[in-house]
>>> print(open('structure-v9.txt').read())   # compact mmCIF, C-alpha atoms
# COMPACT_ATOMS: atom_id res chain seq x y z
CA MET A 116 84.33 -47.26 -14.16
CA GLY A 117 83.00 -45.58 -17.26
CA LEU A 118 79.57 -45.12 -15.64
CA LYS A 119 80.99 -43.67 -12.40
CA ALA A 120 83.16 -41.31 -14.30
CA GLY A 121 80.23 -40.18 -16.44
CA VAL A 122 78.00 -39.57 -13.37
CA PHE A 123 80.76 -37.68 -11.55
CA SER A 124 81.46 -35.60 -14.63
CA GLY A 125 77.77 -34.75 -15.02
CA VAL A 126 77.35 -33.76 -11.38
CA ALA A 127 80.52 -31.66 -11.46
CA ALA A 128 79.37 -29.88 -14.60
CA GLY A 129 75.99 -29.20 -13.01
CA VAL A 130 77.50 -27.81 -9.85
CA THR A 131 79.94 -25.65 -11.83
CA ALA A 132 77.13 -24.33 -14.01
CA GLY A 133 75.04 -23.63 -10.94
CA ILE A 134 77.82 -21.75 -9.18
CA THR A 135 78.62 -19.77 -12.38
CA ALA A 136 74.97 -18.81 -12.78
CA GLY A 137 74.84 -17.84 -9.12
CA ILE A 138 77.89 -15.64 -9.38
CA LYS A 139 76.51 -14.04 -12.56
CA SER A 140 73.21 -13.35 -10.81
CA ALA A 141 75.01 -11.85 -7.85
CA LYS A 142 77.03 -9.63 -10.18
CA ASN A 143 73.81 -8.39 -11.76
CA GLY A 144 72.49 -7.58 -8.31
CA SER A 145 70.16 -10.64 -8.27
CA ASP A 146 69.86 -13.30 -5.58
CA PHE A 147 72.70 -15.87 -5.66
CA TRP A 148 70.44 -18.87 -5.15
CA THR A 149 67.23 -17.98 -6.93
CA GLY A 150 68.51 -15.52 -9.57
CA LYS A 151 65.59 -13.24 -8.73
CA ARG A 152 66.15 -9.49 -8.95
CA PRO A 153 65.32 -7.55 -5.78
CA GLU A 154 62.60 -4.91 -5.73
CA ALA A 155 63.62 -1.49 -7.02
CA ASN A 156 63.33 0.17 -3.60
CA THR A 157 65.64 -2.49 -2.18
CA VAL A 158 68.34 -1.56 -4.70
CA SER A 159 68.16 2.15 -3.80
CA THR A 160 68.65 1.41 -0.11
CA LEU A 161 71.81 -0.51 -0.89
CA GLN A 162 73.51 2.56 -2.44
CA PRO A 163 76.20 4.12 -0.23
CA LYS A 164 74.94 7.34 1.38
CA GLY A 165 78.04 9.21 0.23
CA ILE A 166 77.05 9.26 -3.46
CA GLU A 167 73.41 10.14 -3.01
CA GLY A 168 72.53 13.27 -4.91
CA LEU A 169 75.70 13.29 -7.00
CA GLU A 170 75.35 13.50 -10.76
CA LEU A 171 77.63 10.86 -12.14
CA PRO A 172 78.99 11.20 -15.69
CA GLU A 173 77.20 9.10 -18.27
CA ILE A 174 79.43 6.27 -19.38
CA LYS A 175 79.10 5.40 -23.03
CA GLY A 176 79.60 1.77 -24.00
CA GLY A 177 83.24 0.76 -24.29
CA ASP A 178 84.78 4.28 -24.53
CA LEU A 179 87.39 4.39 -21.78
CA SER A 180 88.40 7.94 -22.66
CA ASP A 181 85.23 9.12 -20.93
CA LEU A 182 86.61 7.80 -17.68
CA ARG A 183 89.70 10.05 -17.73
CA PRO A 184 89.68 12.83 -15.10
CA ILE A 185 88.38 16.22 -16.25
CA GLU A 186 91.31 18.63 -16.37
CA LEU A 187 91.51 22.44 -16.45
CA ARG A 188 92.73 23.31 -19.93
CA GLU A 189 92.80 27.11 -19.98
CA THR A 190 91.82 30.16 -18.00
CA TYR A 191 91.01 33.22 -20.08
CA LEU A 192 89.38 36.63 -19.73
CA GLU A 193 86.30 37.93 -21.50
CA PHE A 194 85.14 41.56 -21.56
CA ASP A 195 81.69 42.47 -22.89
CA GLY A 196 81.68 46.20 -22.16
CA SER A 197 80.32 45.98 -18.63
CA SER A 198 82.00 43.00 -16.98
CA LEU A 199 85.37 41.28 -17.09
CA ASP A 200 84.97 37.55 -16.54
CA ILE A 201 87.59 34.99 -15.56
CA ILE A 202 86.59 31.79 -17.37
CA ASP A 203 87.95 28.27 -16.88
CA THR A 204 87.84 25.82 -19.81
CA TYR A 205 87.96 22.07 -19.09
CA SER A 206 89.19 19.09 -21.11
CA ASN A 207 85.63 17.86 -21.69
CA GLY A 208 84.74 21.13 -23.44
CA THR A 209 82.77 22.68 -20.61
CA THR A 210 83.44 26.19 -19.27
CA ASN A 211 82.88 27.82 -15.92
CA VAL A 212 82.86 31.53 -15.05
CA ARG A 213 85.13 31.55 -12.02
CA ASP A 214 84.54 35.23 -11.21
CA SER A 215 82.95 38.28 -12.81
CA PHE A 216 84.15 41.83 -12.23
CA SER A 217 82.20 44.97 -13.02
CA ALA A 218 84.31 46.97 -15.49
CA VAL A 219 84.20 49.82 -18.00
CA SER A 220 86.13 50.86 -21.10
CA GLY A 221 85.92 54.39 -22.56
CA PRO A 222 83.88 56.50 -23.15
CA HIS A 223 86.56 59.20 -22.99
CA GLY A 224 89.05 60.02 -25.73
CA ASN A 225 88.93 57.55 -28.59
CA GLY A 226 86.41 55.34 -26.84
CA ALA A 227 86.29 51.74 -25.69
CA ILE A 228 88.91 49.07 -26.24
CA PRO A 229 88.66 47.60 -29.77
CA SER A 230 87.00 44.18 -30.10
CA GLY A 231 89.13 41.14 -30.80
CA GLU A 232 91.62 38.82 -29.18
CA TRP A 233 94.30 40.22 -26.89
CA ASN A 234 97.07 38.83 -24.69
CA THR A 235 97.76 40.04 -21.20
CA GLY A 236 101.25 40.87 -19.99
CA ILE A 237 103.17 42.11 -17.00
CA VAL A 238 101.76 43.86 -13.95
CA ILE A 239 103.01 47.40 -13.38
CA SER A 240 102.60 48.57 -9.79
CA PRO A 241 102.46 51.23 -8.57
CA THR A 242 101.44 53.30 -11.57
CA GLY A 243 101.57 56.67 -9.83
CA ASN A 244 98.46 57.63 -11.78
CA VAL A 245 95.28 58.65 -9.95
CA GLY A 246 93.21 57.36 -12.86
CA MET A 247 94.60 53.87 -12.29
CA SER A 248 94.32 53.58 -8.54
CA VAL A 249 91.47 53.24 -6.05
CA ASP A 250 92.05 53.44 -2.29
CA GLY A 251 95.59 52.11 -2.52
CA SER A 252 94.90 49.48 -5.15
CA ASP A 253 97.25 50.75 -7.84
CA PHE A 254 98.28 48.56 -10.75
CA ALA A 255 98.06 48.19 -14.51
CA ILE A 256 98.20 44.96 -16.53
CA SER A 257 99.51 45.51 -20.04
CA LEU A 258 97.53 44.29 -23.05
CA ASP A 259 98.76 43.41 -26.55
CA ALA A 260 96.33 43.06 -29.43
CA ASN A 261 96.55 40.13 -31.84
CA PHE A 262 95.19 42.37 -34.59
CA ASN A 263 95.81 45.78 -36.15
CA LEU A 264 94.84 48.69 -33.90
CA ASN A 265 95.24 51.28 -36.67
CA GLY A 266 97.68 53.35 -34.67
CA ARG A 267 96.15 53.20 -31.21
CA SER A 268 98.30 51.87 -28.41
CA GLY A 269 98.79 51.73 -24.66
CA PHE A 270 95.98 49.52 -23.34
CA TYR A 271 95.81 48.17 -19.80
CA ILE A 272 93.54 46.62 -17.19
CA HIS A 273 93.56 48.77 -14.05
CA PRO A 274 91.33 49.94 -11.19
CA ASP A 275 89.07 52.74 -12.44
CA GLY A 276 90.22 55.71 -10.37
CA ASN A 277 89.67 59.44 -10.78
CA VAL A 278 86.44 60.14 -12.71
CA PRO A 279 84.44 57.15 -14.01
CA GLY A 280 85.61 55.74 -17.33
CA THR A 281 88.87 55.35 -19.20
CA LEU A 282 90.55 56.30 -22.48
CA GLY A 283 90.14 52.75 -23.77
CA CYS A 284 91.72 50.72 -20.98
CA ILE A 285 89.54 48.28 -19.05
CA GLY A 286 88.79 49.95 -15.71
CA LEU A 287 87.78 47.71 -12.81
CA ASN A 288 84.84 49.00 -10.75
CA GLY A 289 83.80 47.86 -7.32
CA GLY A 290 86.51 49.34 -5.14
CA ALA A 291 89.97 48.37 -3.97
CA ASN A 292 89.05 44.96 -2.54
CA ARG A 293 87.59 43.68 -5.80
CA ALA A 294 90.46 45.13 -7.80
CA ASN A 295 92.94 43.38 -5.50
CA GLU A 296 91.01 40.11 -5.84
CA PHE A 297 91.37 40.35 -9.59
CA LEU A 298 95.06 41.19 -9.27
CA ASN A 299 95.72 38.22 -6.98
CA THR A 300 93.93 35.77 -9.27
CA TYR A 301 95.74 37.14 -12.30
CA THR A 302 99.16 37.18 -10.63
CA ASN A 303 98.80 33.56 -9.48
CA TYR A 304 97.91 32.49 -13.00
CA TYR A 305 100.60 34.63 -14.67
CA ASN A 306 103.36 33.34 -12.39
CA GLN A 307 102.50 29.74 -13.32
CA HIS A 308 101.38 29.95 -16.92
CA GLY A 309 102.35 33.35 -18.30
CA SER A 310 100.12 35.39 -20.55
CA MET A 311 96.34 35.00 -20.48
CA ARG A 312 94.01 35.41 -23.46
CA LEU A 313 91.50 38.25 -23.37
CA ILE A 314 88.46 38.20 -25.63
CA VAL A 315 86.82 41.59 -26.12
CA ASN A 316 83.32 41.37 -27.54
CA MET B 245 64.38 87.64 -32.43
CA LYS B 246 65.80 89.14 -29.23
CA LYS B 247 65.11 85.88 -27.44
CA ASN B 248 67.00 83.90 -30.09
CA CYS B 249 69.98 86.27 -29.90
CA LEU B 250 70.06 85.91 -26.13
CA ILE B 251 70.04 82.11 -26.40
CA ILE B 252 72.87 82.20 -28.97
CA LEU B 253 74.87 84.62 -26.79
CA LEU B 254 74.45 82.46 -23.69
CA SER B 255 75.35 79.37 -25.67
CA CYS B 256 78.54 81.00 -26.98
CA LEU B 257 79.51 82.12 -23.49
CA SER B 258 78.97 78.69 -22.00
CA CYS B 259 81.04 76.97 -24.69
CA SER B 260 83.90 79.44 -24.86
CA GLY B 261 85.41 78.44 -21.55
CA GLN B 262 84.91 78.56 -17.84
CA LYS B 263 84.18 81.87 -16.22
CA THR B 264 86.71 82.37 -13.44
CA ASN B 265 86.77 86.15 -13.23
CA GLU B 266 84.21 88.92 -13.72
CA SER B 267 86.42 90.57 -16.33
CA VAL B 268 88.08 87.62 -18.11
CA ASN B 269 86.69 84.23 -18.97
CA PHE B 270 89.19 81.42 -18.78
CA VAL B 271 89.74 80.17 -22.31
CA PRO B 272 91.82 76.99 -22.27
CA ASP B 273 94.90 76.83 -24.47
CA VAL B 274 95.18 73.79 -26.68
CA PHE B 275 98.07 74.84 -28.96
CA ILE B 276 101.78 75.09 -28.33
CA SER B 277 103.69 76.47 -31.31
CA ASN B 278 101.14 75.17 -33.86
CA ILE B 279 100.77 71.71 -32.31
CA SER B 280 97.41 70.99 -30.70
CA VAL B 281 96.46 68.57 -27.97
CA LEU B 282 94.70 65.47 -29.33
CA ASP B 283 95.40 66.49 -32.92
CA THR B 284 98.06 64.87 -35.06
CA THR B 285 98.16 67.77 -37.56
CA ASN B 286 101.64 69.36 -37.79
CA VAL B 287 103.13 66.94 -35.26
CA THR B 288 105.61 65.21 -37.56
CA THR B 289 106.35 68.46 -39.40
CA ILE B 290 107.40 70.20 -36.20
CA LEU B 291 108.55 67.39 -33.92
CA GLY B 292 109.92 65.05 -36.59
CA GLU B 293 108.93 61.68 -38.01
CA ASP B 294 110.40 59.74 -35.08
CA VAL B 295 108.46 61.44 -32.31
CA MET B 296 106.89 58.17 -31.14
CA LEU B 297 110.31 56.51 -30.98
CA ASN B 298 111.44 59.20 -28.54
CA LEU B 299 108.74 58.34 -26.01
CA GLU B 300 109.97 57.39 -22.56
CA GLY B 301 108.14 56.02 -19.53
CA THR B 302 105.96 53.05 -18.76
CA ILE B 303 102.29 53.98 -18.84
CA ILE B 304 102.05 57.75 -19.29
CA LYS B 305 104.85 58.36 -21.80
CA LYS B 306 106.59 61.54 -22.81
CA ALA B 307 109.00 62.82 -25.43
CA SER B 308 111.22 65.87 -24.84
CA PHE B 309 112.45 68.50 -27.26
CA SER B 310 114.60 71.62 -27.03
CA ASN B 311 114.00 74.90 -28.78
CA ILE B 312 116.62 76.29 -31.15
CA MET B 313 118.29 78.27 -28.34
CA GLN B 314 118.34 75.13 -26.17
CA ASN B 315 117.09 77.09 -23.17
CA GLU B 316 113.50 75.78 -23.19
CA THR B 317 112.20 72.23 -23.08
CA LEU B 318 108.89 71.01 -24.46
CA GLU B 319 107.51 67.70 -23.22
CA VAL B 320 104.62 66.08 -25.04
CA ILE B 321 102.58 63.57 -23.04
CA PHE B 322 101.17 60.41 -24.59
CA GLN B 323 98.33 58.73 -22.71
CA PRO B 324 97.00 55.17 -22.99
CA GLY B 325 94.50 54.48 -25.75
CA SER B 326 95.71 57.37 -27.92
CA TYR B 327 96.49 57.24 -31.62
CA LEU B 328 99.95 57.64 -33.08
CA ASN B 329 101.27 61.22 -32.64
CA GLU B 330 98.27 62.20 -30.50
CA PHE B 331 99.32 63.98 -27.31
CA SER B 332 97.11 64.91 -24.37
CA LYS B 333 99.27 67.39 -22.52
CA PHE B 334 102.16 69.80 -23.12
CA ILE B 335 104.75 70.89 -20.57
CA VAL B 336 107.21 73.76 -21.11
CA PHE B 337 110.03 74.68 -18.74
CA LYS B 338 113.41 76.42 -18.66
CA SER B 339 116.51 74.38 -19.38
CA LYS B 340 120.22 75.05 -19.79
CA ASN B 341 121.96 74.12 -23.06
CA ASP B 342 120.47 70.63 -23.06
CA VAL B 343 121.99 68.99 -26.15
CA SER B 344 120.66 65.52 -25.30
CA LYS B 345 117.16 66.28 -26.56
CA PRO B 346 116.11 66.55 -30.21
CA GLN B 347 116.21 70.20 -31.23
CA ILE B 348 113.29 71.72 -33.11
CA ASP B 349 113.32 74.86 -35.21
CA ILE B 350 111.32 77.12 -32.88
CA GLN B 351 112.63 80.23 -31.09
CA ASN B 352 110.48 79.77 -28.00
CA PHE B 353 107.34 77.83 -27.15
CA VAL B 354 104.17 79.97 -27.11
CA THR B 355 100.48 79.11 -26.72
CA GLU B 356 97.73 80.59 -28.88
CA SER B 357 96.79 83.01 -26.11
CA GLY B 358 100.37 84.28 -25.77
CA ILE B 359 101.52 82.34 -22.71
CA GLU B 360 105.31 81.88 -22.75
CA LEU B 361 108.11 81.50 -20.22
CA GLY B 362 109.13 84.73 -18.54
CA ILE B 363 105.74 86.46 -18.31
CA ASP B 364 104.64 87.77 -14.91
CA LYS B 365 101.52 86.95 -12.87
CA LYS B 366 99.75 90.12 -13.92
CA THR B 367 100.07 89.16 -17.58
CA LEU B 368 98.79 85.67 -16.84
CA ILE B 369 95.74 87.03 -15.02
CA SER B 370 95.05 89.45 -17.87
CA LEU B 371 95.11 86.58 -20.35
CA LYS B 372 93.47 83.83 -18.33
CA GLY B 373 91.49 85.46 -15.55
CA LYS B 374 91.36 84.45 -11.92
CA PRO B 375 92.78 80.96 -11.33
CA THR B 376 90.85 78.10 -9.78
CA SER B 377 93.52 77.88 -7.07
CA ILE B 378 96.88 79.35 -6.05
CA THR B 379 99.42 77.25 -4.17
CA GLN B 380 102.20 79.19 -2.49
CA PHE B 381 105.63 77.88 -1.57
CA ILE B 382 108.60 79.73 -0.03
CA SER B 383 109.96 81.02 -3.31
CA SER B 384 107.40 79.92 -5.85
CA GLU B 385 103.70 79.91 -6.66
CA ILE B 386 101.49 77.70 -8.79
CA TYR B 387 98.43 79.15 -10.48
CA GLU B 388 96.04 76.44 -11.52
CA TYR B 389 92.98 76.48 -13.79
CA VAL B 390 90.69 73.47 -13.96
CA ILE B 391 87.70 72.57 -16.12
CA ASP B 392 86.08 69.44 -14.74
CA ASN B 393 82.36 69.91 -15.32
CA TYR B 394 82.31 67.24 -18.00
CA ASP B 395 78.55 66.86 -17.76
CA SER B 396 77.99 70.38 -19.05
CA SER B 397 81.23 71.65 -20.61
CA CYS B 398 81.11 71.98 -24.40
CA PHE B 399 84.89 72.21 -24.40
CA LEU B 400 85.33 68.85 -22.66
CA GLU B 401 82.58 67.37 -24.78
CA LYS B 402 84.38 68.47 -27.95
CA TYR B 403 87.51 66.57 -26.95
CA LYS B 404 85.59 63.75 -25.22
CA MET B 405 87.73 64.25 -22.14
CA SER B 406 86.79 64.63 -18.49
CA ILE B 407 89.31 67.05 -16.94
CA TYR B 408 91.33 69.92 -18.44
CA ARG B 409 94.07 71.36 -16.25
CA ALA B 410 96.52 74.22 -16.77
CA LYS B 411 99.28 74.97 -14.24
CA TYR B 412 101.62 77.96 -14.21
CA PHE B 413 104.72 77.91 -12.01
CA PHE B 414 106.21 81.25 -10.94
CA GLU B 415 109.59 81.89 -9.39
CA ASN B 416 110.51 85.47 -8.47
CA SER B 417 107.22 86.46 -10.09
CA LYS B 418 108.28 85.13 -13.49
CA LEU B 419 106.81 82.11 -15.28
CA VAL B 420 109.39 79.31 -15.27
CA ARG B 421 107.17 76.37 -16.18
CA PHE B 422 103.69 75.81 -17.53
CA GLU B 423 101.66 72.78 -18.51
CA PHE B 424 98.21 72.30 -19.93
CA GLY B 425 96.05 69.55 -21.35
CA PHE B 426 93.86 66.69 -20.27
CA ASP B 427 94.23 64.48 -17.21
CA TYR B 428 93.95 60.73 -17.49
CA PRO B 429 90.32 60.13 -16.42
>>> encode(input="structure-v9.txt", output="structure tokens")
Amino acid sequence: MGLKAGVFSGVAAGVTAGITAGIKSAKNGSDFWTGKRPEANTVSTLQPKGIEGLELPEIKGGDLSDLRPIELRETYLEFDGSSLDIIDTYSNGTTNVRDSFSAVSGPHGNGAIPSGEWNTGIVISPTGNVGMSVDGSDFAISLDANFNLNGRSGFYIHPDGNVPGTLGCIGLNGGANRANEFLNTYTNYYNQHGSMRLIVN
Amino acid sequence: MKKNCLIILLSCLSCSGQKTNESVNFVPDVFISNISVLDTTNVTTILGEDVMLNLEGTIIKKASFSNIMQNETLEVIFQPGSYLNEFSKFIVFKSKNDVSKPQIDIQNFVTESGIELGIDKKTLISLKGKPTSITQFISSEIYEYVIDNYDSSCFLEKYKMSIYRAKYFFENSKLVRFEFGFDYP
């Protein structure tokens, strides 16, 4: 009885160990029976066609936070003197320029819009001002500075009508269609989130 | 020597205004009763400390004032991007005992070239020359003078502006409204 039990126990343990090793091999992509890894080109042919060419995020050992979906954190504007960019910022720290609009500020009057951080505000339309309308695209988005303007005031983003240039506002070039594209993007954002940051460099 | 004098003379002529008439060069007015466009000097002295608080409008803002007789109104126009108390355009027109506007201690509003309400067209032409355009209505006329050659105008360059416009409104041959200053570019 003791011998039979010992033999049975040994066989069962062997089989269990064999199956466990087989499963482990299979999990590693190796052959269930032999434990041998397939050739590299065999592995590549087993990949689903749908993910070929995709750049998958690098997963660091044990950090599950890296597996959370990347979310849009903020959309802001940046003006560098010649273009007004709409920039998306994501939760993983990356940014993407969603669109770039040719634009001008100054040189008339007191010159270009002062550098610094601003907040956008309401859309005024129509303005009734030829300098702020192009082929029927007629609007002005108010701007508030987060710093001291030393007495200057009245800054807006608007289509650059009349003669080229502004008194310090940001004038959108490129015609009515581009100006309306900017307005639509801005209005959609403003209706959902409110004010947008503007960085003037 | 003669050549230098000729260059100086031509330079002075080109910077003094825009020639609109063989006899009179158009010299743009910039002052109304000692207040100048795009110059904050004298503004608070004449219009008061609270001039900016009186501004009305959304984008292009204006503040209105009455003369001491309350029969003339002065509007000062504030454009975007300007400094405190810096006005780009002045408008003067007749009004009737308007007590709602702040009153300023001036008999009547006059420019540095002598333009004031009540003058006739002949006087205007003698002071300003031939206008750029005349628009006629049934009982009124508008005489308009424009300087818009901002690539070559010393006057526009001085103020860093692109278009100067002066408009004179006549009814029954008498000036009932005038406005001058810089357009929003």
>>> atom_distance(input="structure-v9.txt", atom1="CA of Gly292 in chain B", atom2="CA of Ile348 in chain B")
8.2 Å
>>> closest_residue(input="structure-v9.txt", among="B:Lys374, B:Lys366, B:Lys340, B:Lys402", to="chain A", atoms="all atoms listed in the file")
B:Lys402
>>> closest_atom_pairs(input="structure-v9.txt", of="chain B", to="chain A", cutoff="12 Å", atoms="only C-alpha atoms", output="JSON lines")
{"residue": "B:Val281", "atom": "CA", "partner": "A:Gly224", "partner_atom": "CA", "distance": 11.5}
{"residue": "B:Leu282", "atom": "CA", "partner": "A:Gly224", "partner_atom": "CA", "distance": 8.6}
{"residue": "B:Asp283", "atom": "CA", "partner": "A:Gly224", "partner_atom": "CA", "distance": 11.6}
{"residue": "B:Thr284", "atom": "CA", "partner": "A:Gly266", "partner_atom": "CA", "distance": 11.5}
{"residue": "B:Met296", "atom": "CA", "partner": "A:Gly266", "partner_atom": "CA", "distance": 11.0}
{"residue": "B:Gly301", "atom": "CA", "partner": "A:Thr242", "partner_atom": "CA", "distance": 10.8}
{"residue": "B:Thr302", "atom": "CA", "partner": "A:Ile239", "partner_atom": "CA", "distance": 8.3}
{"residue": "B:Ile303", "atom": "CA", "partner": "A:Gly269", "partner_atom": "CA", "distance": 7.2}
{"residue": "B:Ile304", "atom": "CA", "partner": "A:Asn244", "partner_atom": "CA", "distance": 8.3}
{"residue": "B:Lys305", "atom": "CA", "partner": "A:Gly269", "partner_atom": "CA", "distance": 9.4}
{"residue": "B:Phe322", "atom": "CA", "partner": "A:Gly269", "partner_atom": "CA", "distance": 9.0}
{"residue": "B:Gln323", "atom": "CA", "partner": "A:Gly269", "partner_atom": "CA", "distance": 7.3}
{"residue": "B:Pro324", "atom": "CA", "partner": "A:Gly269", "partner_atom": "CA", "distance": 4.2}
{"residue": "B:Gly325", "atom": "CA", "partner": "A:Gly283", "partner_atom": "CA", "distance": 5.1}
{"residue": "B:Ser326", "atom": "CA", "partner": "A:Arg267", "partner_atom": "CA", "distance": 5.3}
{"residue": "B:Tyr327", "atom": "CA", "partner": "A:Arg267", "partner_atom": "CA", "distance": 4.1}
{"residue": "B:Leu328", "atom": "CA", "partner": "A:Gly266", "partner_atom": "CA", "distance": 5.1}
{"residue": "B:Asn329", "atom": "CA", "partner": "A:Gly266", "partner_atom": "CA", "distance": 8.9}
{"residue": "B:Glu330", "atom": "CA", "partner": "A:Arg267", "partner_atom": "CA", "distance": 9.3}
{"residue": "B:Phe331", "atom": "CA", "partner": "A:Gly224", "partner_atom": "CA", "distance": 11.1}
{"residue": "B:Ser332", "atom": "CA", "partner": "A:Gly224", "partner_atom": "CA", "distance": 9.5}
{"residue": "B:Asp392", "atom": "CA", "partner": "A:Val278", "partner_atom": "CA", "distance": 9.5}
{"residue": "B:Asn393", "atom": "CA", "partner": "A:Val278", "partner_atom": "CA", "distance": 10.9}
{"residue": "B:Tyr394", "atom": "CA", "partner": "A:Val278", "partner_atom": "CA", "distance": 9.8}
{"residue": "B:Asp395", "atom": "CA", "partner": "A:Val278", "partner_atom": "CA", "distance": 11.5}
{"residue": "B:Leu400", "atom": "CA", "partner": "A:His223", "partner_atom": "CA", "distance": 9.7}
{"residue": "B:Glu401", "atom": "CA", "partner": "A:His223", "partner_atom": "CA", "distance": 9.3}
{"residue": "B:Lys402", "atom": "CA", "partner": "A:Gly224", "partner_atom": "CA", "distance": 9.9}
{"residue": "B:Tyr403", "atom": "CA", "partner": "A:Gly224", "partner_atom": "CA", "distance": 6.8}
{"residue": "B:Lys404", "atom": "CA", "partner": "A:Gly224", "partner_atom": "CA", "distance": 5.1}
{"residue": "B:Met405", "atom": "CA", "partner": "A:His223", "partner_atom": "CA", "distance": 5.3}
{"residue": "B:Ser406", "atom": "CA", "partner": "A:His223", "partner_atom": "CA", "distance": 7.1}
{"residue": "B:Ile407", "atom": "CA", "partner": "A:Val278", "partner_atom": "CA", "distance": 8.6}
{"residue": "B:Phe426", "atom": "CA", "partner": "A:Gly224", "partner_atom": "CA", "distance": 9.9}
{"residue": "B:Asp427", "atom": "CA", "partner": "A:Gly246", "partner_atom": "CA", "distance": 8.4}
{"residue": "B:Tyr428", "atom": "CA", "partner": "A:Gly246", "partner_atom": "CA", "distance": 5.8}
{"residue": "B:Pro429", "atom": "CA", "partner": "A:Gly246", "partner_atom": "CA", "distance": 5.4}
>>> atom_distance(input="structure-v9.txt", atom1="CA of Thr190 in chain A", atom2="CA of Asn263 in chain A")
24.3 Å
>>> residues_around(input="structure-v9.txt", residues="Phe422 in chain B", least_positions_apart="5", cutoff="10 Å", atoms="only C-alpha atoms", output="list in words")
Leu318, Phe334, Ile335, Val336, Phe337, Lys338, Ile359, Glu360, Leu361, Ile386, Tyr387, Glu388, Ala410, Lys411, Tyr412, Phe413 and Phe414 of chain B
>>> write_last_selection(input="structure-v9.txt", atoms="C-alpha atoms", output="mmCIF file, in the frame of the given file")
data_model
loop_
_atom_site.group_PDB
_atom_site.id
_atom_site.type_symbol
_atom_site.label_atom_id
_atom_site.label_comp_id
_atom_site.auth_asym_id
_atom_site.auth_seq_id
_atom_site.Cartn_x
_atom_site.Cartn_y
_atom_site.Cartn_z
ATOM 1 C CA LEU B 318 108.890 71.010 -24.460
ATOM 2 C CA PHE B 334 102.160 69.800 -23.120
ATOM 3 C CA ILE B 335 104.750 70.890 -20.570
ATOM 4 C CA VAL B 336 107.210 73.760 -21.110
ATOM 5 C CA PHE B 337 110.030 74.680 -18.740
ATOM 6 C CA LYS B 338 113.410 76.420 -18.660
ATOM 7 C CA ILE B 359 101.520 82.340 -22.710
ATOM 8 C CA GLU B 360 105.310 81.880 -22.750
ATOM 9 C CA LEU B 361 108.110 81.500 -20.220
ATOM 10 C CA ILE B 386 101.490 77.700 -8.790
ATOM 11 C CA TYR B 387 98.430 79.150 -10.480
ATOM 12 C CA GLU B 388 96.040 76.440 -11.520
ATOM 13 C CA ALA B 410 96.520 74.220 -16.770
ATOM 14 C CA LYS B 411 99.280 74.970 -14.240
ATOM 15 C CA TYR B 412 101.620 77.960 -14.210
ATOM 16 C CA PHE B 413 104.720 77.910 -12.010
ATOM 17 C CA PHE B 414 106.210 81.250 -10.940
#
>>> atom_distance(input="structure-v9.txt", atom1="CA of Ser220 in chain A", atom2="CA of Ile285 in chain A")
4.7 Å
>>> residues_near_point(input="structure-v9.txt", point="(103.9, 87.8, -15.1)", cutoff="9 Å", atoms="all atoms listed in the file", output="PyMOL selection string")
chain B and resi 362-369+414+417-419
>>> residues_around(input="structure-v9.txt", residues="range 206-214 of chain A", least_positions_apart="2", cutoff="6 Å", atoms="only C-alpha atoms", output="VMD selection string")
chain A and resid 185 to 186 188 200 to 204
>>> closest_residue(input="structure-v9.txt", among="A:Ser248, A:Ser310, A:Thr235, A:Ser198", to="Asn292 in chain A", atoms="all atoms listed in the file")
A:Ser248
>>> axis_aligned_box(input="structure-v9.txt", around="range 315-327 of chain B", padding_each_side="5 Å", output="AutoDock Vina command-line options")
--center_x 105.8 --center_y 65.8 --center_z -27.2 --size_x 32.6 --size_y 32.6 --size_z 18.9
